[in-house]
Structures are given as structure tokens and as C-alpha cells.
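In what follows, a structure is listed as C-alpha cells, so that the remarks can point back to it.
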Amino acid sequence: MGVLLIGSGGREHALVYAFSRSQAAGDIYCTPGNGGIAELATCVDLDVTDHRSVIGFCENNNVELVVVGPELPLVDGLVDSLEAKGIKAFGPTKAAAQLEGSKAFTKQLCSKYNIPTADYEVFDEAQGAQNYLNDCSYPIVIKADGLAAGKGVVIADDQAQAQQAVQDCFDGRFGEAGTSIVIEECLVGEEASFFAICDGEYAMELPTAQDHKCAYDGDIGPNTGGMGAYSPAPIMTDEMCQRTMSEIIMPTLRGMKADGMPFKGVLFAGLMITSKGPELIEYNVRFGDPECQVLMSRLRSDLLPVMLASSNGGLDRLVNEFDDRPAVTVVMASNGYPGAYESGSEIKGLEEAAGDADIMIFHAGTKIEDGRVLASGGRVLNITALGETVLQARDKAYAAIEKIDWPQGFYRKDIGWRAVAREQETI
């Protein structure tokens with residue numbers, strides 16, 4: 001089948017990598033793509049906010065399935081427009097994408113269907129929120145309701161910080177995303193990422209993962225889109241996965257269907273594993289980045305039939321197979337990220353770094369000019385490795401990084417530290 005992938009990051013390179021190994025794949029297109037994706041797919045320049053242009057491209061190029069990588073086109077209703085023209089799409093409708101597009105929507109769904117999550121209140125004006133803060137326990141979490149590129153969440157240690165976060169939202173710091181806010185209790189425990197591919201009724205569980213949000217070693221510094229990840233997440237035991245499916249994922253699917261918004265696509269649950277068990281922090285309605293990179297490096301079965309079944313139904317008749325070995329991905333980012341950074345520096349040594357069969361280098365912010373790989377974004381490369389243990393996979397990834405010549409980049413040197421510590425405890 002002809003496939004069009006929407007997106008340009010490391011997540012999309014990992015998905016194209018999976019598509020390139022699929023027996024079901026015909027021509028593979030990506031918009032806008034990046035330097036690494038261009039080696040496996042035809043990159044095209046489409047305005048994904050212009051749904052008619054995307055539809056026209058699909059009709060003119062025999063595209064049978066559109067896979068939407070990032071959240072913005074999903075929340076914008078691209079899937080609805082495609083399906084109205086008879087073009088299959090992997091991802092939720094605009095209504096179902098509210099699970100990521102509105103934190104208030106998700107919290108209210110959790111309340112309605114008894115899905116474990118933090119206690120919360122929703123506010124659409126500043127004074128009510130400020131009054132509420134007078135009686136809160138701290139720390140507390142302030143969230144802009146809408147999409148804020150991962151920057152709309154503040155964990156406030158005291159009332160003064162909370163009041164400032166509230167004021168920032170209503171003063172327009174996050175644009176339309178902050179016109180309504182959620183204030184919720186701060187859950188205590190260990191975070192993990194749980195993924196399931198859904199067809200509106202059935203959920204196919206995928207391997208777990210854990211990412212590192214902070215920019216610097218020791219989980220300090222500003223939050224980022226993710227500086228690395230590993231899979232599986234040791235905190236997610238078989239029992240914890242079963243509880244997540246029965247207490248969080250399946251009640252969500254049943255609730256969304258009952259409310260007339262059946263969910264199809266990837267349901268990505270950000271979890272906090274507390275003393276009570278798994279609790280939902282938030283939902284994303286697409287693969288995580290960089291979690292997708294470790295999942296796709298472990299995938300051994302054909303992803304495209306699964307994605308098509310997510311759209312058509314019948315997902316329960318298929319299986320996904322994954323390598324038992326753990327995977328680790330380390331993000332190489334431009335100096336200065338997540339703040340200001342310079343683009344255009346050359347990256348050398350990638351072929352040598354990828355010489356091991358267990359190493360995969362997924363591009364994020366790159367472009368190719370005159371045969372040279374140039375940095376063109378904040379997060380630039382994802383050095384991904386498989387190993388018999390997390391420690392071995394991590395060591396392989398860092399050994400590959402040592403072969404990359406890019407002085408203008410940096411990376412964390414402690415990715416996977418929680419999992420490595422657990423491994424060493426069992427020795």
C-alpha cells in the first residue's frame with residue numbers, strides 16, 4: 001500500500017524505518033521529513049493545515065494510508081477530513097483527540113468513568129484559581145488546558161509559584177492553550193509510559209518505556225521534549241501492566257465509545273506508579289518521542305497491517321512481536337537547547353557510528369545539503385541500541401556517540417540510570 005507519514009522528527013524516522021521493513025508497504029512518502037527520513041522515503045512539501053492539499057496528494061499518488069505523527073494535525077481534525085474522502089488514516093478523530101488537546105476533557109472523562117488520576121479543579125478565569133490556591137497543599141501542579149508544546153505544566157513548590165503560574169497562563173503566555181487551566185494534586189511515585197494501539201473497542205498492548213525529560217544528568221535542568229528513553233520500563237511489572245489495561249486503558253475506550261467518540265490510533269498514557277498503583281498523569285494520542293524510537297527498534301512484526309486494522313477494526317485478530325532485548329536511545333541536541341541554539345553545523349561520523357547491526361541512528365532535526373548532514377533543530381539525533389541488558393544497550397549507544405564528530409551538540413550521559421540500578425541490584 002502507498003503510505004504518507006506526517007511529521008519530521010525522530011519519532012517519524014523510527015516509524016519510516018518500521019514501514020521500510022513492511023511487506024505491505026509500497027511507495028512511502030513523508031511530509032516534511034528530515035535528512036534521515038529522506039534515505040528511506042520520498043519527502044514532499046505539503047501544508048498539513050490545508051486538508052484539501054493533503055487529500056489531493058493522496059488521491060494523485062495512490063496513498064492508501066495516512067499515518068499522523070504529531071498531535072497538532074490530529075487535534076486539527078486531519079483524520080476526519082481524510083476519512084470523509086475515503087482515505088484511511090491512523091490516528092484519532094478531532095473529537096477523540098481531545099484526550100490530548102484538552103486536559104480538562106481528560107480529567108472529566110476520568111471522573112465520569114472512575115479512572116484513577118490526581119484530584120483536580122478546572123478554572124477559566126484567574127481570580128477563582130487564585131482563591132482556590134489559598135487552601136491547597138503543596139507542591140501542586142498547574143496545567144494549561146490546551147496544547148502548549150510540552151511547556152504548559154508547572155510543578156509549584158509553594159503558593160507564590162502557583163500564583164505566578166496561574167497568572168502566566170491567563171496573561172497569555174501559552175496563547176489559546178492557557179485560556180483555561182487545570183490545577184491538580186502532585187502525584188508521588190515513578191513515571192512510566194504505556195502504549196496501546198486501539199481500534200475503538202480493542203486495545204493492543206505495546207511494550208512499556210521510560211523517558212528522561214530534564215536536559216542534564218541527574219534529572220536536573222529545564223524540561224525538554226525528551227533527552228533519551230529506554231524500553232521496557234522495569235517499574236511496569238506484568239501485574240502493573242495488567243492493572244493499567246483494566247483500570248485505565250479499557251475504561252477509557254469504553255467511555256469514549258459510550259460518549260460517541262470511539263478512540264482509534266495510539267493511546268499513550270503517561271503514568272505515575274504510586275503507592276496505590278498506576279494513576280494517569282495525562283494522555284497523548286500519538287507515539288511518544290523519543291519513546292517511539294526504542295519501541296520501533298524492538299519491533300519484529302509488520303506494523304502497517306496493525307495500523308490499518310486500527311482504522312478498519314479487527315485489531316484483536318493480529319499480533320505484534322517485539323525483540324526481548326532492551327533498547328536505549330540517547331538524544332543528541334544542539335548546544336543551548338531547550339533554549340536558543342544555532343543551526344547549520346555539520347555532523348560527521350554517522351556511518352561509522354552505525355556500523356553495529358544493533359545500532360540505529362534516527363534523525364530528528366537534520367537536513368542534507370551537498371551530501372553533508374547538517375543540524376537544523378534542537379533535538380537532532382537519536383542514537384539507539386539493543387543489548388542483552390539495559391546497561392549493555394546503553395554502553396553500545398554511548399560507544400556509537402563517541403564516533404560522531406559534532407562539537408556543537410551535547411547529550412546526557414546517564415540515560416537509563418534507574419533501570420541500570422535495578423539490574424545491578426539483582427546481580
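So you can find residues: chains in the C-alpha cells are A, B, ... in the order shown, residues in each start at 1, and ligands are numbered from 1 in order.
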For Leu133 in chain A, work out the shell of residues within 9 Å, counting only C-alpha atoms and skipping chain neighbours fewer than 2 positions away, then give it as a list of chain:residue names.
A:Gly128, A:Ala129, A:Gln130, A:Asn131, A:Asp135, A:Cys136, A:Ser137, A:Gln159, A:Ala162, A:Gln163, A:Ile183
Within 12 Å of Met250 in chain A using only C-alpha atoms, minus same-chain residues under 6 positions, as a PyMOL selection string
chain A and resi 110+113-115+196-205+242-244+256-257+262-263+267+269
Expected file contents, prior selection, C-alpha atoms, as a PDB file, in the first residue's frame:
```
ATOM      1  CA  CYS A 110     -11.594  10.134  34.323  1.00  0.00           C
ATOM      2  CA  TYR A 113     -15.626   6.588  34.381  1.00  0.00           C
ATOM      3  CA  ASN A 114     -13.663   6.161  37.643  1.00  0.00           C
ATOM      4  CA  ILE A 115     -10.210   6.162  36.045  1.00  0.00           C
ATOM      5  CA  ALA A 196      -1.727   0.691  23.275  1.00  0.00           C
ATOM      6  CA  ILE A 197      -2.917   0.658  19.671  1.00  0.00           C
ATOM      7  CA  CYS A 198      -6.711   0.874  19.598  1.00  0.00           C
ATOM      8  CA  ASP A 199      -9.499   0.321  17.062  1.00  0.00           C
ATOM      9  CA  GLY A 200     -12.338   1.890  19.033  1.00  0.00           C
ATOM     10  CA  GLU A 201     -13.121  -1.246  21.035  1.00  0.00           C
ATOM     11  CA  TYR A 202      -9.967  -3.339  21.386  1.00  0.00           C
ATOM     12  CA  ALA A 203      -6.545  -2.299  22.693  1.00  0.00           C
ATOM     13  CA  MET A 204      -3.297  -3.993  21.645  1.00  0.00           C
ATOM     14  CA  GLU A 205      -0.752  -3.524  24.424  1.00  0.00           C
ATOM     15  CA  GLN A 242      -2.494  -5.673  33.671  1.00  0.00           C
ATOM     16  CA  ARG A 243      -3.801  -3.095  36.125  1.00  0.00           C
ATOM     17  CA  THR A 244      -3.090  -0.294  33.650  1.00  0.00           C
ATOM     18  CA  MET A 256     -15.054   7.227  24.672  1.00  0.00           C
ATOM     19  CA  LYS A 257     -17.250   4.821  22.707  1.00  0.00           C
ATOM     20  CA  PRO A 262     -14.541   5.937  19.709  1.00  0.00           C
ATOM     21  CA  PHE A 263     -10.768   6.176  20.004  1.00  0.00           C
ATOM     22  CA  LEU A 267      -3.235   5.794  23.200  1.00  0.00           C
ATOM     23  CA  ALA A 269      -0.713   7.006  28.849  1.00  0.00           C
TER      24      ALA A 269
END
```
Closest atom pairs, residues of range 5-80 of chain A within 10 Å of range 297-308 of chain A, only C-alpha atoms, as a tab-separated table:
```
residue	atom	partner	partner_atom	distance
A:Ala14	CA	A:Ser297	CA	7.6
A:Leu15	CA	A:Leu303	CA	8.8
A:Tyr17	CA	A:Ser297	CA	8.6
A:Ala18	CA	A:Leu303	CA	6.8
A:Phe19	CA	A:Leu304	CA	6.7
A:Ser20	CA	A:Asp302	CA	9.8
A:Arg21	CA	A:Asp302	CA	7.4
A:Ser22	CA	A:Asp302	CA	5.3
A:Gln23	CA	A:Asp302	CA	7.3
A:Ala24	CA	A:Leu304	CA	6.6
A:Ala25	CA	A:Leu304	CA	7.4
A:Glu64	CA	A:Leu308	CA	9.4
A:Leu65	CA	A:Leu308	CA	7.3
A:Val66	CA	A:Leu308	CA	9.6
A:Val67	CA	A:Met307	CA	8.2
```
Using the selection just defined, write its residues with C-alpha atoms as a short mmCIF file (atom, residue, chain, number, x, y, z; two decimals), in the first residue's frame.
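again_30.cif, written as the output of this step:
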```
data_model
loop_
_atom_site.label_atom_id
_atom_site.label_comp_id
_atom_site.auth_asym_id
_atom_site.auth_seq_id
_atom_site.Cartn_x
_atom_site.Cartn_y
_atom_site.Cartn_z
CA ALA A 14 11.62 5.48 13.52
CA LEU A 15 8.17 4.89 12.01
CA TYR A 17 12.23 2.65 9.49
CA ALA A 18 9.44 0.26 10.53
CA PHE A 19 7.49 0.90 7.31
CA SER A 20 10.59 0.22 5.19
CA ARG A 21 10.70 -3.33 6.58
CA SER A 22 7.00 -3.96 5.94
CA GLN A 23 5.92 -6.41 3.24
CA ALA A 24 2.71 -4.38 2.93
CA ALA A 25 4.48 -1.13 2.05
CA GLU A 64 -4.00 4.19 0.88
CA LEU A 65 -2.99 5.00 4.45
CA VAL A 66 -2.01 8.28 6.13
CA VAL A 67 -0.14 8.00 9.43
#
```
As an exercise, work out the distance from CA of Ile220 in chain A to CA of Leu206 in chain A in Å and give it to one decimal place.
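Separating CA of Ile220 in chain A from CA of Leu206 in chain A is a distance of 29.1 Å.
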Please determine, counting only C-alpha atoms, which residue among A:Glu191, A:Gly277, A:Glu239, A:Pro338 has the shortest atom-to-atom distance to Pro222 in chain A.
A:Pro338
Nearest-residue call for Gly378 in chain A, choices A:Cys214, A:Met227, A:Val266, A:Cys241, using only C-alpha atoms
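Of the candidates, the smallest distance to Gly378 in chain A is held by A:Met227.
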Please give the complete set of residues from range 23-97 of chain A that DSSP, run on the backbone, assigns to alpha helix (DSSP H), formatted as a VMD selection string.
chain A and resid 51 to 60 71 to 75 78 to 84
Could you please determine the separation between CA of Met245 in chain A and CA of Gly270 in chain A in Å, to one decimal place?
13.0 Å
Shell around Ala192 in chain A at 10 Å using only C-alpha atoms, local window under 2 positions removed, as an MDAnalysis selection string
chainID A and resid 189:190 194 208:211 232:236 269:273 278 281
Using only C-alpha atoms, find the one residue out of A:Gln164, A:Ser180, A:Asn284, A:Gln127 that sits nearest to Glu100 in chain A.
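Closest candidate: A:Asn284.
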Can you pull out the residues contacting Tyr230 in chain A? Cut-off 8 Å, using only C-alpha atoms, and skip same-chain residues under 4 positions away; I want them as a list in words.
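So the residues in contact are Ala209, Gln210, Asp211, Glu291, Val294, Pro326, Ala327, Val328, Thr329, Val390, Ile415 and Gly416 of chain A.
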Name the closest residue to Leu187 in chain A among the candidates A:Leu147, A:Met1, A:Ile140, A:Leu78; distances are taken between atoms, counting only C-alpha atoms.
A:Ile140
Near-Asp370 in chain A list (12 Å; only C-alpha atoms; drop same-chain fewer than 4 positions) as a VMD selection string:
chain A and resid 35 346 374
For each of A:Trp417, A:Phe90, A:Trp406, A:Tyr29, take the minimum atom-to-atom distance to Gly265 in chain A, counting only C-alpha atoms, then give the residue where this is smallest.
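Nearest to Gly265 in chain A: A:Phe90.
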Out of A:Ile142, A:Ala340, A:Leu5, A:Ala104, which residue has the shortest atom-to-atom distance to Phe170 in chain A when counting only C-alpha atoms?
A:Ile142
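Taking CA of Pro290 in chain A as the reference point, CA of Ala357 in chain A is found at 20.1 Å.
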Give me, as a PyMOL selection string, the residues of range 149-219 of chain A that a backbone DSSP run labels strand (DSSP E).
chain A and resi 153-156+181-185+190-199+203-205+210-211+214-216
Residues within 12 Å of Arg173 in chain A, only C-alpha atoms, excluding chain neighbours under 5 positions, as a VMD selection string:
chain A and resid 144 148 151 to 153 164 to 168 178 to 179
Range 91-94 of chain A: which residues within 6 Å, counting only C-alpha atoms, same-chain residues fewer than 5 positions away excluded, as a PyMOL selection string?
chain A and resi 75+77+79-80+263-265
Export N, CA and C atoms of the chosen residues as a tab-separated table (two decimals), in the first residue's frame?
```tsv
chain	number	residue	atom	x	y	z
A	75	VAL	N	-5.45	17.06	16.45
A	75	VAL	CA	-6.37	17.96	17.13
A	75	VAL	C	-7.07	18.87	16.13
A	77	GLY	N	-8.14	17.93	13.26
A	77	GLY	CA	-9.17	17.19	12.53
A	77	GLY	C	-8.75	16.66	11.17
A	79	VAL	N	-7.64	13.73	10.39
A	79	VAL	CA	-8.18	12.37	10.19
A	79	VAL	C	-9.62	12.43	9.72
A	80	ASP	N	-10.41	13.32	10.29
A	80	ASP	CA	-11.82	13.46	9.87
A	80	ASP	C	-11.91	13.82	8.40
A	263	PHE	N	-12.17	5.81	20.18
A	263	PHE	CA	-10.77	6.18	20.00
A	263	PHE	C	-10.05	5.15	19.15
A	264	LYS	N	-9.41	5.64	18.07
A	264	LYS	CA	-8.59	4.81	17.19
A	264	LYS	C	-7.21	5.45	17.06
A	265	GLY	N	-6.19	4.60	17.04
A	265	GLY	CA	-4.83	5.10	16.95
A	265	GLY	C	-4.02	4.65	18.15
```
